[in-house]
$ cat coords.txt   # compact mmCIF, C-alpha atoms
# COMPACT_ATOMS: atom_id res chain seq x y z
CA MET A 2 -81.25 65.69 5.36
CA ASP A 3 -83.67 63.63 7.42
CA ILE A 4 -85.63 60.59 6.22
CA GLU A 5 -88.86 62.58 5.63
CA GLN A 6 -87.01 64.91 3.26
CA LEU A 7 -85.02 62.17 1.53
CA MET A 8 -87.94 59.80 0.95
CA PRO A 9 -89.69 61.90 -1.79
CA HIS A 10 -86.40 62.08 -3.71
CA VAL A 11 -86.09 58.29 -3.62
CA GLU A 12 -89.70 57.93 -4.78
CA ALA A 13 -89.18 60.40 -7.64
CA LEU A 14 -86.03 58.62 -8.77
CA ILE A 15 -87.69 55.19 -8.87
CA PHE A 16 -90.80 56.59 -10.54
CA ALA A 17 -88.81 58.29 -13.32
CA SER A 18 -86.60 55.29 -14.07
CA GLU A 19 -87.51 52.94 -16.92
CA ARG A 20 -85.61 50.08 -15.26
CA PRO A 21 -85.12 48.75 -11.74
CA LEU A 22 -82.64 50.84 -9.73
CA THR A 23 -80.24 49.36 -7.19
CA GLN A 24 -79.58 50.90 -3.79
CA ILE A 25 -76.03 51.71 -4.88
CA GLU A 26 -77.29 53.61 -7.94
CA MET A 27 -79.79 55.56 -5.85
CA THR A 28 -77.12 56.44 -3.29
CA GLU A 29 -74.75 57.75 -5.98
CA ILE A 30 -77.39 59.65 -7.99
CA LEU A 31 -79.01 61.30 -4.99
CA GLY A 32 -75.62 62.17 -3.52
CA GLN A 33 -74.75 64.05 -6.72
CA ALA A 34 -78.19 65.64 -7.08
CA LEU A 35 -78.42 66.82 -3.47
CA GLU A 36 -74.71 67.62 -3.27
CA THR A 37 -74.29 65.80 0.03
CA VAL A 38 -73.18 62.43 1.29
CA ILE A 39 -76.08 59.96 1.39
CA GLU A 40 -75.56 56.86 3.52
CA ALA A 41 -76.73 53.55 2.03
CA ASP A 42 -78.59 52.63 5.22
CA ARG A 43 -80.70 55.79 4.91
CA ILE A 44 -81.72 54.73 1.40
CA ALA A 45 -82.65 51.31 2.79
CA ILE A 46 -84.85 52.93 5.45
CA CYS A 47 -86.56 55.02 2.75
CA LEU A 48 -87.20 51.93 0.62
CA ASP A 49 -88.80 50.12 3.56
CA ALA A 50 -91.00 53.15 4.25
CA ILE A 51 -92.02 53.48 0.59
CA THR A 52 -92.81 49.76 0.39
CA GLU A 53 -95.06 50.03 3.43
CA LYS A 54 -96.69 53.21 2.15
CA TYR A 55 -97.82 51.68 -1.15
CA SER A 56 -98.77 48.29 0.26
CA VAL A 57 -102.25 49.51 1.22
CA ASP A 58 -105.15 48.69 -1.12
CA TYR A 59 -105.70 52.37 -1.93
CA TYR A 60 -102.80 52.44 -4.39
CA PRO A 61 -102.91 50.52 -7.70
CA PHE A 62 -99.15 50.01 -7.69
CA HIS A 63 -96.47 48.96 -5.22
CA LEU A 64 -92.70 48.98 -4.83
CA ARG A 65 -91.08 45.66 -5.70
CA GLU A 66 -87.52 44.40 -5.70
CA THR A 67 -87.13 42.90 -9.15
CA GLY A 68 -84.38 42.31 -11.67
CA GLY A 69 -81.69 43.24 -9.16
CA GLY A 70 -83.21 46.59 -8.23
CA PHE A 71 -86.36 48.42 -7.15
CA GLN A 72 -89.26 49.44 -9.38
CA PHE A 73 -92.89 50.54 -9.10
CA LEU A 74 -95.13 47.83 -10.56
CA THR A 75 -98.87 47.70 -11.14
CA LYS A 76 -100.68 45.44 -8.69
CA LYS A 77 -102.14 42.24 -10.10
CA ALA A 78 -105.75 43.43 -9.76
CA PHE A 79 -105.06 46.16 -12.33
CA HIS A 80 -103.09 44.17 -14.93
CA LYS A 81 -106.09 43.71 -17.22
CA THR A 82 -106.90 47.42 -17.11
CA VAL A 83 -103.37 48.49 -18.01
CA LEU A 84 -103.25 45.88 -20.78
CA GLN A 85 -106.07 47.73 -22.57
CA LEU A 86 -103.83 50.78 -22.81
CA ASN A 87 -100.90 49.03 -24.46
CA GLY A 88 -102.76 46.30 -26.31
CA GLU A 89 -100.74 43.21 -27.13
CA LYS A 90 -97.57 44.96 -28.27
CA HIS A 91 -95.83 44.31 -24.95
CA ILE A 92 -96.85 40.65 -24.75
CA LYS A 93 -94.07 38.34 -25.88
CA LYS A 94 -95.78 35.70 -28.00
CA LEU A 95 -93.93 32.42 -27.93
CA SER A 96 -94.63 29.14 -29.66
CA ASN A 97 -95.22 26.03 -27.60
CA ALA A 98 -91.75 24.80 -28.51
CA ALA A 99 -90.16 28.06 -27.36
CA MET A 100 -92.18 28.00 -24.13
CA GLU A 101 -91.03 24.45 -23.41
CA THR A 102 -87.42 25.39 -24.09
CA LEU A 103 -87.67 28.52 -21.93
CA SER A 104 -89.19 26.51 -19.08
CA ILE A 105 -86.38 23.96 -19.23
CA ILE A 106 -83.73 26.68 -19.19
CA ALA A 107 -85.44 28.51 -16.33
CA TYR A 108 -85.56 25.45 -14.08
CA LYS A 109 -82.35 23.69 -15.17
CA GLN A 110 -79.99 26.63 -15.76
CA PRO A 111 -77.16 26.77 -16.53
CA ILE A 112 -77.79 24.25 -19.30
CA THR A 113 -76.39 23.36 -22.73
CA LYS A 114 -78.31 22.90 -25.98
CA SER A 115 -77.67 19.16 -26.02
CA GLU A 116 -79.09 18.84 -22.51
CA ILE A 117 -82.19 20.78 -23.56
CA GLU A 118 -82.62 18.52 -26.59
CA TYR A 119 -82.15 15.42 -24.44
CA ILE A 120 -85.04 16.51 -22.22
CA ARG A 121 -87.33 17.65 -25.05
CA GLY A 122 -86.41 14.92 -27.52
CA VAL A 123 -86.30 17.34 -30.46
CA SER A 124 -83.94 19.94 -31.90
CA ALA A 125 -83.83 23.20 -29.92
CA ASP A 126 -81.88 25.36 -32.40
CA TYR A 127 -84.82 27.45 -33.60
CA SER A 128 -86.36 27.91 -30.15
CA ILE A 129 -83.06 28.98 -28.61
CA GLN A 130 -82.50 31.50 -31.41
CA LYS A 131 -85.96 33.03 -30.88
CA LEU A 132 -85.45 33.25 -27.12
CA LEU A 133 -82.11 34.98 -27.67
CA GLU A 134 -83.72 37.44 -30.08
CA LYS A 135 -86.43 38.27 -27.53
CA ASP A 136 -83.76 38.72 -24.83
CA LEU A 137 -85.37 36.12 -22.58
CA ILE A 138 -82.20 34.03 -22.35
CA VAL A 139 -78.48 34.78 -22.60
CA ILE A 140 -75.30 32.87 -23.37
CA ALA A 141 -73.55 32.61 -20.00
CA GLY A 142 -70.29 31.00 -21.12
CA ARG A 143 -69.17 27.47 -21.92
CA ASN A 144 -69.25 24.20 -20.06
CA GLU A 145 -65.53 23.50 -19.70
CA ASP A 146 -66.17 19.96 -18.43
CA MET A 147 -68.07 18.73 -21.50
CA VAL A 148 -66.60 17.57 -24.80
CA GLY A 149 -66.37 20.48 -27.21
CA LYS A 150 -66.99 22.98 -24.41
CA PRO A 151 -70.56 23.78 -25.54
CA LEU A 152 -72.32 27.06 -24.83
CA ILE A 153 -74.45 27.26 -21.71
CA TYR A 154 -77.69 29.21 -21.44
CA THR A 155 -79.43 30.97 -18.58
CA THR A 156 -82.47 33.22 -18.30
CA SER A 157 -81.81 36.94 -18.73
CA LYS A 158 -82.34 39.91 -16.47
CA ASN A 159 -85.13 40.93 -18.84
CA PHE A 160 -86.83 37.58 -18.17
CA MET A 161 -86.77 38.27 -14.43
CA ASP A 162 -88.07 41.81 -14.96
CA TYR A 163 -90.90 40.44 -17.12
CA LEU A 164 -91.98 38.02 -14.37
CA GLY A 165 -91.37 40.50 -11.57
CA ILE A 166 -88.84 38.32 -9.76
CA ASN A 167 -85.38 39.10 -8.46
CA SER A 168 -83.68 35.74 -9.09
CA PRO A 169 -84.47 32.30 -10.60
CA SER A 170 -84.86 30.95 -7.06
CA GLN A 171 -88.13 32.90 -6.84
CA LEU A 172 -89.73 30.92 -9.66
CA PRO A 173 -92.71 28.79 -8.57
CA GLN A 174 -91.72 25.36 -7.38
CA LEU A 175 -92.72 22.66 -9.86
CA LYS A 176 -94.46 20.70 -7.12
CA ASP A 177 -96.68 23.72 -6.50
CA ILE A 178 -97.88 24.07 -10.09
CA THR A 179 -98.12 20.51 -11.36
CA ASP A 180 -98.66 16.99 -10.12
CA ILE A 181 -96.90 15.51 -13.15
CA GLN A 182 -93.73 13.63 -12.33
CA ILE A 183 -91.02 13.95 -14.96
CA VAL A 184 -89.36 10.55 -15.45
CA MET A 185 -85.98 10.67 -17.17
CA PRO A 186 -85.23 7.79 -19.57
CA THR A 187 -83.01 4.98 -18.33
CA SER A 188 -79.83 4.39 -20.31
CA ALA A 189 -79.39 1.04 -22.04
CA GLN A 190 -76.39 0.24 -19.84
CA GLU A 191 -78.42 0.76 -16.65
CA ALA A 192 -81.33 -1.26 -18.06
CA ALA A 193 -79.21 -4.31 -18.92
CA PRO A 194 -79.91 -7.37 -16.70
CA ALA A 195 -77.17 -7.78 -14.11
CA ASP A 196 -76.96 -11.57 -14.63
CA THR A 197 -76.53 -11.54 -18.42
CA PRO A 198 -72.93 -12.62 -19.10
CA GLY A 199 -70.99 -11.24 -22.04
CA LEU A 200 -73.70 -8.73 -23.00
CA MET A 201 -72.28 -5.59 -24.56
CA ILE A 202 -74.47 -2.51 -24.86
CA VAL A 203 -73.52 0.21 -27.28
CA ASN A 204 -75.04 3.53 -26.22
CA GLU A 205 -75.99 5.42 -29.34
CA PRO A 206 -78.12 8.54 -28.99
CA ALA A 207 -81.43 8.43 -30.78
CA PRO A 208 -81.65 10.75 -33.81
CA LEU A 209 -83.27 14.09 -32.98
CA LYS A 210 -86.61 14.85 -34.51
CA GLN A 211 -86.95 18.18 -36.21
CA ALA A 212 -89.12 20.67 -34.37
CA SER A 213 -92.31 21.44 -36.15
$ encode --input "coords.txt" --output "structure tokens"
Amino acid sequence: MDIEQLMPHVEALIFASERPLTQIEMTEILGQALETVIEADRIAICLDAITEKYSVDYYPFHLRETGGGFQFLTKKAFHKTVLQLNGEKHIKKLSNAAMETLSIIAYKQPITKSEIEYIRGVSADYSIQKLLEKDLIVIAGRNEDMVGKPLIYTTSKNFMDYLGINSPSQLPQLKDITDIQIVMPTSAQEAAPADTPGLMIVNEPAPLKQAS
């Protein structure tokens, strides 16, 4: 089967899927459906051709690599139009506290709850629970190097799908979206004058405020 014949099958497969499809999945599915061996490089050629085909302004959607696979997504110019169809039911409403927590996890992952709370200055229990419920973050294991081996959190595949990115490295750089410089607090030990003899500093963490 030549590329011209294979390409519509690849398009149909991506169009019918409710989630991003990987090249490996497409190769296996099409091989079974067409009852022939499909080389992975032929799928790659088809994907390049499909991407180019739908890149023109005529089409309201395009092929994007997102969430580890390929998916047809509506172009930005038509987001508002499509939103009228689905209303607000697909918009994940998050509180300011949850948004702050999600932002910290996205840019600092993998990260523990105590590290999140150190940055925010308030308890993160409720926000983390809500983000887990909405499948925007996942528990990715434990930090074996920290006392108590606390859980570590990362953003989920669903989070990347929602933003239309393929990995956290594709998130906007902070320097590109804000001019605010985040200054981390200096520990008491570091702040102690170097020429003060016999001064002993006891580092006690400040009590966490409860999130409103």
$ atom_distance --input "coords.txt" --atom1 "CA of Cys47 (chain A)" --atom2 "CA of Pro61 (chain A)"
19.9 Å
$ closest_residue --input "coords.txt" --among "A:Leu103, A:Ala17, A:Leu74, A:Met2" --to "Glu40 (chain A)" --atoms "all atoms listed in the file"
A:Met2
$ residues_around --input "coords.txt" --residues "region 132-145 of chain A" --least-positions-apart "6" --cutoff "9 Å" --atoms "all atoms listed in the file" --output "ChimeraX atom specification"
/A:93,95,99,102-103,106-107,111-113,151-161,163
$ atom_distance --input "coords.txt" --atom1 "CA of Arg65 (chain A)" --atom2 "CA of Gln6 (chain A)"
21.6 Å
$ closest_residue --input "coords.txt" --among "A:Ile105, A:Ile51, A:Met147, A:Glu12" --to "Ile120 (chain A)" --atoms "only C-alpha atoms"
A:Ile105
